$ cat work.cif   # mmCIF, C-alpha atoms
data_start
#
loop_
_atom_site.label_atom_id
_atom_site.label_comp_id
_atom_site.auth_asym_id
_atom_site.auth_seq_id
_atom_site.Cartn_x
_atom_site.Cartn_y
_atom_site.Cartn_z
CA GLY A 201 239.21 -157.19 95.32
CA GLU A 202 241.89 -159.37 93.85
CA ASP A 203 244.59 -160.60 96.19
CA VAL A 204 246.53 -163.82 96.59
CA GLU A 205 248.60 -164.49 99.70
CA GLN A 206 251.10 -167.20 100.50
CA SER A 207 253.90 -167.76 102.99
CA LEU A 208 257.36 -166.69 101.84
CA PHE A 209 259.51 -169.68 102.81
CA LEU A 210 259.28 -173.42 103.33
CA SER A 211 262.11 -175.81 104.19
CA VAL A 212 261.64 -179.58 104.01
CA ARG A 213 263.86 -182.64 104.21
CA GLU A 214 264.56 -184.54 101.01
CA GLY A 215 262.06 -187.38 100.64
CA ASP A 216 259.42 -185.73 102.84
CA SER A 217 256.21 -184.15 101.55
CA SER A 218 256.03 -180.40 101.00
CA VAL A 219 252.79 -178.51 101.52
CA ILE A 220 252.51 -174.96 100.22
CA ASN A 221 249.45 -172.97 101.20
CA CYS A 222 247.68 -170.03 99.61
CA THR A 223 244.61 -167.92 100.24
CA TYR A 224 242.78 -165.78 97.71
CA THR A 225 240.08 -163.17 98.01
CA ASP A 226 238.25 -163.08 94.68
CA SER A 227 235.17 -165.27 95.06
CA SER A 228 234.59 -165.11 91.32
CA SER A 229 237.86 -166.91 90.62
CA THR A 230 237.10 -169.78 88.33
CA TYR A 231 240.58 -171.22 87.91
CA LEU A 232 243.43 -171.54 90.38
CA TYR A 233 246.97 -172.35 89.38
CA TRP A 234 250.35 -173.35 90.73
CA TYR A 235 253.41 -172.14 88.86
CA LYS A 236 257.06 -173.01 89.46
CA GLN A 237 259.96 -170.62 88.85
CA GLU A 238 263.56 -171.73 89.00
CA PRO A 239 266.43 -169.21 89.23
CA GLY A 240 266.85 -167.26 86.02
CA ALA A 241 263.94 -169.00 84.38
CA GLY A 242 260.42 -168.10 83.34
CA LEU A 243 257.26 -169.54 84.80
CA GLN A 244 256.28 -173.16 84.41
CA LEU A 245 252.65 -174.11 84.89
CA LEU A 246 252.61 -177.10 87.24
CA THR A 247 248.92 -177.71 87.59
CA TYR A 248 245.56 -175.99 87.88
CA ILE A 249 242.17 -176.70 89.39
CA PHE A 250 238.69 -175.51 88.53
CA SER A 251 236.76 -173.83 91.32
CA ASN A 252 234.08 -176.55 91.24
CA MET A 253 236.65 -179.21 92.16
CA ASP A 254 237.95 -180.12 95.62
CA MET A 255 241.06 -182.02 94.67
CA LYS A 256 243.28 -182.79 91.74
CA GLN A 257 246.16 -185.24 91.66
CA ASP A 258 248.89 -185.36 89.05
CA GLN A 259 251.76 -187.78 89.79
CA ARG A 260 253.60 -186.36 92.83
CA LEU A 261 251.41 -183.25 92.96
CA THR A 262 248.13 -182.96 94.85
CA VAL A 263 246.08 -179.78 94.83
CA LEU A 264 243.39 -179.23 97.45
CA LEU A 265 240.82 -176.46 97.20
CA ASN A 266 238.58 -175.26 100.01
CA LYS A 267 236.33 -172.82 98.20
CA LYS A 268 234.43 -171.84 101.35
CA ASP A 269 237.64 -170.65 103.03
CA LYS A 270 239.26 -169.60 99.72
CA HIS A 271 242.24 -171.75 100.57
CA LEU A 272 244.41 -173.60 98.08
CA SER A 273 247.28 -175.96 98.80
CA LEU A 274 249.90 -177.79 96.80
CA ARG A 275 251.38 -181.01 98.17
CA ILE A 276 254.56 -182.39 96.61
CA ALA A 277 255.18 -185.99 97.60
CA ASP A 278 258.73 -187.37 97.97
CA THR A 279 260.32 -183.94 97.60
CA GLN A 280 263.57 -183.96 95.62
CA THR A 281 266.40 -181.44 95.28
CA GLY A 282 265.08 -180.60 91.82
CA ASP A 283 261.92 -179.30 93.47
CA SER A 284 263.87 -176.35 94.91
CA ALA A 285 262.25 -173.29 93.39
CA ILE A 286 259.74 -170.53 94.01
CA TYR A 287 256.13 -171.65 93.80
CA PHE A 288 253.43 -169.16 92.85
CA CYS A 289 249.77 -169.53 93.58
CA ALA A 290 247.61 -167.71 91.03
CA GLU A 291 244.00 -167.20 90.09
CA SER A 292 241.92 -165.92 87.22
CA PRO A 293 238.21 -165.53 86.55
CA PHE A 294 238.44 -167.55 83.36
CA TYR A 295 240.83 -170.19 82.18
CA SER A 296 241.29 -168.60 78.83
CA SER A 297 243.68 -166.53 76.85
CA ALA A 298 241.37 -163.59 77.50
CA SER A 299 242.05 -163.47 81.18
CA LYS A 300 244.75 -161.84 83.23
CA ILE A 301 246.33 -164.00 85.90
CA ILE A 302 246.73 -162.70 89.47
CA PHE A 303 249.79 -164.07 91.24
CA GLY A 304 250.81 -164.34 94.87
CA SER A 305 254.28 -163.28 96.00
CA GLY A 306 255.64 -166.81 95.86
CA THR A 307 256.87 -169.40 98.36
CA ARG A 308 260.54 -170.29 98.22
CA LEU A 309 260.94 -174.03 98.78
CA SER A 310 264.33 -175.21 99.96
CA ILE A 311 265.31 -178.86 100.40
CA ARG A 312 267.48 -180.12 103.28
CA PRO A 313 269.59 -183.25 102.73
CA ASP B 328 258.60 -176.07 68.00
CA ALA B 329 260.02 -172.98 69.67
CA GLY B 330 258.29 -171.74 72.75
CA VAL B 331 257.87 -168.11 73.69
CA THR B 332 261.04 -166.15 73.06
CA GLN B 333 262.01 -162.75 74.41
CA SER B 334 264.80 -160.31 73.63
CA PRO B 335 267.03 -159.02 74.92
CA THR B 336 267.83 -161.25 77.90
CA HIS B 337 269.25 -158.43 79.95
CA LEU B 338 269.16 -154.66 79.56
CA ILE B 339 270.64 -151.75 81.52
CA LYS B 340 269.20 -148.26 81.13
CA THR B 341 269.38 -144.98 83.02
CA ARG B 342 266.54 -142.98 84.48
CA GLY B 343 264.55 -141.02 81.94
CA GLN B 344 265.47 -143.24 79.02
CA GLN B 345 263.08 -145.27 76.93
CA VAL B 346 263.20 -149.04 76.39
CA THR B 347 261.64 -151.53 74.00
CA LEU B 348 261.31 -155.21 74.83
CA ARG B 349 260.33 -157.84 72.29
CA CYS B 350 258.37 -161.05 72.40
CA SER B 351 257.70 -163.79 69.86
CA PRO B 352 254.77 -166.01 70.77
CA LYS B 353 254.70 -169.77 70.65
CA SER B 354 253.88 -171.10 67.20
CA GLY B 355 250.12 -171.02 66.58
CA HIS B 356 249.42 -168.47 69.31
CA ASP B 357 247.77 -165.13 68.55
CA THR B 358 247.47 -163.45 71.97
CA VAL B 359 250.32 -161.89 73.93
CA SER B 360 250.26 -160.75 77.55
CA TRP B 361 252.97 -158.83 79.40
CA TYR B 362 253.78 -159.08 83.10
CA GLN B 363 256.20 -157.21 85.36
CA GLN B 364 257.92 -159.17 88.13
CA ALA B 365 259.77 -157.02 90.65
CA LEU B 366 262.42 -158.68 92.81
CA GLY B 367 260.85 -160.89 95.45
CA GLN B 368 257.34 -160.40 94.08
CA GLY B 369 254.95 -162.30 91.90
CA PRO B 370 254.29 -161.19 88.31
CA GLN B 371 251.83 -158.34 87.80
CA PHE B 372 249.71 -158.08 84.69
CA ILE B 373 250.55 -155.09 82.48
CA PHE B 374 248.37 -155.61 79.40
CA GLN B 375 247.29 -158.06 76.73
CA TYR B 376 247.28 -157.75 72.94
CA TYR B 377 245.02 -159.53 70.50
CA GLU B 378 244.39 -158.71 66.84
CA GLU B 379 246.94 -155.91 67.14
CA GLU B 380 244.91 -154.11 69.79
CA GLU B 381 245.21 -153.76 73.55
CA ARG B 382 242.40 -155.88 74.92
CA GLN B 383 242.94 -155.67 78.65
CA ARG B 384 245.15 -153.53 80.88
CA GLY B 385 246.37 -153.75 84.44
CA ASN B 386 247.13 -150.93 86.84
CA PHE B 387 250.14 -149.46 85.04
CA PRO B 388 250.71 -145.84 83.95
CA ASP B 389 250.59 -144.66 80.36
CA ARG B 390 254.39 -144.74 80.27
CA PHE B 391 253.89 -148.42 79.55
CA SER B 392 252.65 -149.03 76.03
CA GLY B 393 252.72 -151.88 73.60
CA HIS B 394 252.22 -153.05 70.11
CA GLN B 395 251.33 -156.25 68.34
CA PHE B 396 252.41 -156.95 64.80
CA PRO B 397 250.56 -158.90 62.07
CA ASN B 398 252.79 -161.92 62.77
CA TYR B 399 251.52 -161.81 66.41
CA SER B 400 254.87 -160.78 67.88
CA SER B 401 254.73 -157.95 70.36
CA GLU B 402 256.72 -155.10 71.85
CA LEU B 403 256.56 -153.51 75.27
CA ASN B 404 257.69 -149.89 75.45
CA VAL B 405 258.44 -148.02 78.64
CA ASN B 406 259.08 -144.27 78.51
CA ALA B 407 260.72 -142.00 81.08
CA LEU B 408 262.19 -144.92 83.00
CA LEU B 409 262.16 -144.82 86.79
CA LEU B 410 264.34 -146.78 89.19
CA GLY B 411 261.20 -148.67 90.20
CA ASP B 412 260.82 -150.03 86.67
CA SER B 413 263.74 -152.37 87.33
CA ALA B 414 262.21 -155.83 87.09
CA LEU B 415 261.91 -159.04 85.12
CA TYR B 416 259.46 -158.51 82.26
CA LEU B 417 257.65 -161.66 81.25
CA CYS B 418 255.77 -162.25 78.04
CA ALA B 419 253.10 -164.94 77.80
CA SER B 420 251.31 -166.19 74.71
CA SER B 421 248.12 -168.12 74.17
CA PHE B 422 245.65 -169.12 71.46
CA SER B 423 242.31 -167.35 71.48
CA GLY B 424 240.56 -170.15 69.63
CA ARG B 425 240.63 -172.47 72.64
CA SER B 426 238.98 -171.07 75.73
CA THR B 427 240.60 -173.74 77.84
CA ASP B 428 244.11 -172.92 76.70
CA THR B 429 246.64 -171.61 79.13
CA GLN B 430 249.26 -168.91 78.80
CA TYR B 431 252.83 -170.03 78.11
CA PHE B 432 255.54 -167.84 79.58
CA GLY B 433 258.87 -166.86 78.08
CA PRO B 434 262.13 -166.66 80.07
CA GLY B 435 261.81 -162.90 80.52
CA THR B 436 263.91 -159.78 80.02
CA ARG B 437 265.76 -158.49 83.07
CA LEU B 438 265.67 -154.67 83.00
CA THR B 439 267.92 -152.70 85.32
CA VAL B 440 267.41 -148.95 85.60
CA LEU B 441 270.32 -146.99 87.11
#
$ encode --input "work.cif" --output "structure tokens"
Amino acid sequence: GEDVEQSLFLSVREGDSSVINCTYTDSSSTYLYWYKQEPGAGLQLLTYIFSNMDMKQDQRLTVLLNKKDKHLSLRIADTQTGDSAIYFCAESPFYSSASKIIFGSGTRLSIRP
Amino acid sequence: DAGVTQSPTHLIKTRGQQVTLRCSPKSGHDTVSWYQQALGQGPQFIFQYYEEEERQRGNFPDRFSGHQFPNYSSELNVNALLLGDSALYLCASSFSGRSTDTQYFGPGTRLTVL
């Protein structure tokens, strides 16, 4: 079946690293994504990783994939107040316009001064 | 270059009514997908339109229908509205000619059913 699970809340101190975790069930998932949603806004694609990769780094973002355990994480280095948002883990069988995207329920990241 | 646009921004309806939401894809995109995001939940896939036909559908009743026009814009129609249809409706567009393309999301239409 298709299911994506992630914790609901995360609170970190400004300047620390944030780590948001996610598990998924569909072993055929080819692409895994992290989206960011700020209040009143649509979804912004932050980054994605192919299922044949273990890690992807993009500036302050690091994505780790453990395909055996179907576990995905997003690390945000030097977390800033502008990083406050809801982060969605998502997966799809194909990274293409032909594929639906399955989302988790989102992790709300709050930043402490 | 305008991104994905949706109208209206907000909408209030009563139970039993019908509603139409509109989406204009990003320039150069030919595929439109619709998602429903209930409060506190992640988006759920409703359906996708390509070449004016429904190509893929999620687990939504027939009350949810759509249309795609020759200019690639799209409408989402919901009949016999229920309180549970209150949600943020997101439209996403993409280009079919690039298999590695992603879907770009619009800001959404907030539908409230009273």
$ closest_atom_pairs --input "work.cif" --of "chain B" --to "chain A" --cutoff "12 Å" --atoms "all atoms listed in the file" --output "tab-separated table"
residue	atom	partner	partner_atom	distance
B:Gly330	CA	A:Gly242	CA	11.4
B:Val331	CA	A:Gly242	CA	10.0
B:Thr332	CA	A:Gly242	CA	10.5
B:Gln333	CA	A:Gly242	CA	10.5
B:Thr336	CA	A:Gly240	CA	10.1
B:His337	CA	A:Gly240	CA	11.0
B:His356	CA	A:Ser297	CA	9.7
B:Asp357	CA	A:Ser297	CA	9.4
B:Thr358	CA	A:Ser297	CA	6.9
B:Val359	CA	A:Ser297	CA	8.6
B:Ser360	CA	A:Lys300	CA	8.0
B:Trp361	CA	A:Lys300	CA	9.6
B:Tyr362	CA	A:Ile301	CA	9.4
B:Gln363	CA	A:Phe303	CA	11.1
B:Gln364	CA	A:Ser305	CA	9.6
B:Ala365	CA	A:Ser305	CA	9.9
B:Leu366	CA	A:Ser305	CA	9.9
B:Gly367	CA	A:Ser305	CA	7.0
B:Gln368	CA	A:Ser305	CA	4.6
B:Gly369	CA	A:Ser305	CA	4.3
B:Pro370	CA	A:Phe303	CA	6.1
B:Gln371	CA	A:Ile302	CA	6.9
B:Phe372	CA	A:Lys300	CA	6.4
B:Ile373	CA	A:Lys300	CA	8.9
B:Phe374	CA	A:Lys300	CA	8.2
B:Gln375	CA	A:Lys300	CA	7.9
B:Tyr376	CA	A:Ala298	CA	9.5
B:Tyr377	CA	A:Ala298	CA	8.9
B:Glu381	CA	A:Ala298	CA	11.3
B:Arg382	CA	A:Ala298	CA	8.2
B:Gln383	CA	A:Lys300	CA	7.9
B:Arg384	CA	A:Lys300	CA	8.6
B:Gly385	CA	A:Lys300	CA	8.3
B:Asn386	CA	A:Lys300	CA	11.7
B:Leu415	CA	A:Gly242	CA	9.4
B:Tyr416	CA	A:Gly242	CA	9.7
B:Leu417	CA	A:Gly242	CA	7.3
B:Cys418	CA	A:Gly242	CA	9.2
B:Ala419	CA	A:Leu243	CA	9.4
B:Ser420	CA	A:Ser297	CA	7.9
B:Ser421	CA	A:Ser297	CA	5.4
B:Phe422	CA	A:Ser297	CA	6.3
B:Ser423	CA	A:Ser297	CA	5.6
B:Gly424	CA	A:Ser297	CA	8.7
B:Arg425	CA	A:Ser296	CA	7.3
B:Ser426	CA	A:Ser296	CA	4.6
B:Thr427	CA	A:Ser296	CA	5.3
B:Asp428	CA	A:Ser296	CA	5.6
B:Thr429	CA	A:Ser296	CA	6.1
B:Gln430	CA	A:Ser297	CA	6.4
B:Tyr431	CA	A:Gln244	CA	7.8
B:Phe432	CA	A:Leu243	CA	5.8
B:Gly433	CA	A:Gly242	CA	5.6
B:Pro434	CA	A:Gly242	CA	4.0
B:Gly435	CA	A:Gly242	CA	6.1
B:Thr436	CA	A:Gly242	CA	9.6
B:Arg437	CA	A:Gly240	CA	9.3
$ residues_around --input "work.cif" --residues "Ser251 of chain A" --least-positions-apart "4" --cutoff "7 Å" --atoms "all atoms listed in the file" --output "count of residues only"
3
$ atom_distance --input "work.cif" --atom1 "atom CA of Ser413 of chain B" --atom2 "atom CA of Val440 of chain B"
5.3 Å
$ atom_distance --input "work.cif" --atom1 "atom CA of Asn404 of chain B" --atom2 "atom CA of Glu378 of chain B"
18.1 Å
$ resolve_selection --input "work.cif" --expression "the PyMOL selection byres ((chain B and resi 402) around 9)" --output "JSON, numbers by chain"
{"B": [347, 348, 349, 350, 351, 392, 393, 394, 395, 396, 400, 401, 403, 404]}
$ residues_around --input "work.cif" --residues "Val212 of chain A" --least-positions-apart "5" --cutoff "8 Å" --atoms "all atoms listed in the file" --output "list of chain:residue names"
A:Ser217, A:Ser218, A:Thr279, A:Leu309, A:Ser310, A:Ile311, A:Arg312
$ atom_distance --input "work.cif" --atom1 "atom CA of Asp283 of chain A" --atom2 "atom CA of Asn221 of chain A"
16.0 Å
$ resolve_selection --input "work.cif" --expression "the PyMOL selection byres ((chain A and resi 250) around 12)" --output "JSON, numbers by chain"
{"A": [228, 229, 230, 231, 232, 233, 247, 248, 249, 251, 252, 253, 254, 255, 256, 263, 264, 265, 266, 267, 272, 291, 292, 293, 294, 295], "B": [427]}
$ closest_residue --input "work.cif" --among "A:Ser227, A:Cys222, A:Asp278, A:Glu205" --to "Gln259 of chain A" --atoms "all atoms listed in the file"
A:Asp278
$ resolve_selection --input "work.cif" --expression "the PyMOL selection byres ((chain B and resi 342) around 8)" --output "list in words"
Lys340, Thr341, Gly343, Gln344, Ala407, Leu408, Leu409, Leu410, Val440 and Leu441 of chain B
$ closest_residue --input "work.cif" --among "B:Gln345, B:Asn398, B:Ser334, B:Ser354" --to "Asp412 of chain B" --atoms "only C-alpha atoms"
B:Gln345
